[in-house]
Amino acid sequence: MHEPSSRSAGTAWRWAVIGIVVVGTAAAFGYVGGWLAPHRLTPKRIVDQLQQNGGMHPGYRRNHAKGICVAGYFDSNGAAQTYSKAQVFAAGRTPVVGRLAIPGGNPYAPDSSAPIRSMALRFTQSNGQQWRTGMNSMPVFLVGTPQAFYEQAQSSAPDPATGKPDPTKVKAFFAAHPESGPFLAWVKTAKPSASFATESYWSLDAFVFVDASGTRHAVRWRMVPEGAGEPVDGSKSDADYLSADLTTRLAKGPQRWKLMVTLANPGDPTNDATKAWPSDRKEIDAGTLVLDQATAQDSGPCRDINYDPLVLPDGIEASDDPLLPARSAAYADSYLRRTSEEAHLPGTAAPQPKPESN
Amino acid sequence: MSAPSAMFALPARVLHWLMAILIVSMLFIGVGMVASVSETHELLIRIHKPLGIAILVLAVIRITVRLRYPPPPLPADLPALQKLAAHASHWLLYILMLLMPLIGWAMLSAGGYPVMLSESLRLPPIFPVSPDAFAVLRHAHSFFALLLFLTFLAHMGAALYHGLIRRDGVLSSMAGRRLP
């Protein structure tokens, strides 16, 4: 029945079939997993680039590395319930753990290093579902696709000779990316604010609200400060004036923002964060975010939270914006790197204390 | 030629082929989603979690079936080392198909993520929130996934060896009929 018959041609093709099936399956696995597709844009390549730009700072986020933990709650007025069945929009209070930060991968960068501030929030509904969102203090993002984001990060990598981005590469990137125009127009007039509390924070990406009847509504949202316009003398000689300002403000009382939800008209782009929607779109005041506590990020409750914008409750869904899955994937990669470093896993760099002089 | 009784029981065969499709799909979905930044990433993650729980449930049923219906014996003339490899790899497969979904579930729990199987269906956490445990479990999930894939490759290669080279009825005892 199974006499050795390796001389026969029949056995040779049988062995060949086995080899082709096994090797072919392994090769397909290698391709899908990216090992055999070196040119595919992967979360790892994006985070590697951010890490190269910001320097290696074990235990910290690979972008928006410098920040402060905040906590408080969201008081919903029930107005957004018409458009989303998410529990967070029913009238009532939802606890929030958040993080206010500045962009870049260096956790010791001076607060004046960028005109952008960011606000990340995690709302925990009483049914256990969560809404996580990461917002920036500008109305439009600088690129619309993960590929463009990666190329922008590459173009702004510090030149080994000067330690600063090469202006010709930066210029070449923006020349090739006219979609960055609205962002560049904004950044021209933007100044680093002296306070986190006086900034508005935009979702940038579009999302989809789903109401109780299952109808879908394309939306963007933003947090609008109640203390807008209050001038604060931030001592620019202090690299960490934002956290000092926040602590001072919180000692006097909680800081508040209105959650404004913008509803798209049919045809408004939901897949391009570089394009603002016209200003006459319907807006809903959904309630008030109240932040009453701040803690250093090294020990605060936000440290171990990945503000993945695709952690969404029933009633809020992702839009077709291509940045959303890329943010989710890259944040997950960054989160694994920093938790591995915090856990002192073999092969990871040990978190360092803050350098004395900076 | 093997006697008709030298077959896996029908429930065992149905579970084997169903789970073969699900587990192999799952392995490809898993490595694909962590290497992707496109819309595929989100779609694959949405499939990955409920499919993992489905595999966990099926694995429990399958092991029960395995204990209820003992498998046909391996050919008497199979070398002892190959018999050992066959038994060890089968139990390794059973262990991994139980372990992988549990690690995935525990890993999301430790990372503080809500374990959502759909827009609204949430599983309770099975591990306390701990970033250190998250990191360990997340690496374990990748490591055991690779081990499961390699074990599957060996299993598939061995099955084809039985079916095409030895032609000893081992493959047909699971396939349900003889290959040419």
# chains A, B, ... in the order shown; residues from 1 in each chain; ligands from 1

$ interface_residues --of "chain B" --to "chain A" --cutoff "9 Å" --atoms "only C-alpha atoms" --output "PyMOL selection string"
chain B and resi 1+27-42+111-116+118-122+124+130-136+138-139+149-150+153-154+156-158+160-161+164-168

$ select_by_dssp --residues "region 50-172 of chain A" --states "alpha helix (DSSP H)" --output "tab-separated table (two decimals) with C-alpha atoms, in the first residue's frame"
chain	number	residue	atom	x	y	z
A	50	LEU	CA	7.71	59.58	14.57
A	51	GLN	CA	10.20	58.03	16.96
A	52	GLN	CA	13.06	59.08	14.72
A	53	ASN	CA	11.72	62.64	14.55
A	54	GLY	CA	11.04	63.06	18.25
A	146	PRO	CA	-1.97	58.13	6.07
A	147	GLN	CA	0.52	58.07	3.18
A	148	ALA	CA	0.73	61.87	3.12
A	149	PHE	CA	1.08	61.92	6.91
A	150	TYR	CA	4.00	59.52	6.66
A	151	GLU	CA	5.66	61.54	3.92
A	152	GLN	CA	5.18	64.72	5.92
A	153	ALA	CA	6.83	63.06	8.93
A	154	GLN	CA	9.70	61.95	6.69
A	155	SER	CA	10.11	65.44	5.24
A	167	PRO	CA	13.70	73.45	4.94
A	168	THR	CA	14.04	72.36	1.31
A	169	LYS	CA	12.47	68.97	2.10
A	170	VAL	CA	9.66	70.60	4.06
A	171	LYS	CA	9.05	73.02	1.20
A	172	ALA	CA	9.10	70.20	-1.35

$ atom_distance --atom1 "CA of Leu43 (chain B)" --atom2 "CA of Met119 (chain A)"
26.8 Å

$ residues_around --residues "region 73-84 of chain A" --least-positions-apart "5" --cutoff "6 Å" --atoms "only C-alpha atoms" --output "short mmCIF file (atom, residue, chain, number, x, y, z; two decimals) with N, CA and C atoms, in the first residue's frame"
data_model
loop_
_atom_site.label_atom_id
_atom_site.label_comp_id
_atom_site.auth_asym_id
_atom_site.auth_seq_id
_atom_site.Cartn_x
_atom_site.Cartn_y
_atom_site.Cartn_z
N PHE A 89 -24.94 60.88 25.38
CA PHE A 89 -25.72 62.06 24.97
C PHE A 89 -27.09 62.14 25.64
N ALA A 90 -27.49 61.11 26.36
CA ALA A 90 -28.72 61.22 27.15
C ALA A 90 -28.44 62.24 28.25
N ALA A 91 -29.46 63.01 28.64
CA ALA A 91 -29.23 64.03 29.66
C ALA A 91 -28.67 63.36 30.91
N GLY A 92 -27.57 63.92 31.42
CA GLY A 92 -26.95 63.34 32.61
C GLY A 92 -25.45 63.47 32.55
N ARG A 93 -24.78 62.86 33.52
CA ARG A 93 -23.34 63.06 33.71
C ARG A 93 -22.55 61.80 33.36
N THR A 94 -21.45 61.95 32.65
CA THR A 94 -20.56 60.84 32.30
C THR A 94 -19.14 61.19 32.75
N PRO A 95 -18.49 60.31 33.52
CA PRO A 95 -17.12 60.62 33.95
C PRO A 95 -16.13 60.63 32.80
N VAL A 96 -15.12 61.49 32.90
CA VAL A 96 -14.15 61.68 31.84
C VAL A 96 -12.73 61.65 32.43
N PHE A 209 -22.93 59.70 13.50
CA PHE A 209 -23.86 59.48 14.60
C PHE A 209 -24.97 58.58 14.08
N VAL A 210 -25.40 57.63 14.91
CA VAL A 210 -26.51 56.76 14.54
C VAL A 210 -27.61 56.98 15.58
N ASP A 211 -28.79 57.38 15.10
CA ASP A 211 -29.87 57.67 16.06
C ASP A 211 -30.67 56.41 16.38
N ALA A 286 -24.18 70.12 22.68
CA ALA A 286 -24.53 68.82 23.27
C ALA A 286 -24.38 68.78 24.78
N GLY A 287 -23.68 69.77 25.33
CA GLY A 287 -23.49 69.76 26.77
C GLY A 287 -22.15 70.36 27.15
N THR A 288 -21.78 70.20 28.41
CA THR A 288 -20.59 70.87 28.93
C THR A 288 -19.58 69.87 29.48
N LEU A 289 -18.34 70.04 29.02
CA LEU A 289 -17.22 69.27 29.59
C LEU A 289 -16.66 70.07 30.75
N VAL A 290 -16.56 69.42 31.90
CA VAL A 290 -16.04 70.09 33.09
C VAL A 290 -14.80 69.34 33.54
N GLY A 315 -23.80 54.07 18.74
CA GLY A 315 -24.40 55.38 18.46
C GLY A 315 -23.40 56.35 17.83
#

$ residues_around --residues "Glu226 (chain A)" --least-positions-apart "4" --cutoff "10 Å" --atoms "only C-alpha atoms" --output "JSON, numbers by chain"
{"A": [197, 198, 199, 200, 230, 255, 256, 257, 258, 288, 289]}
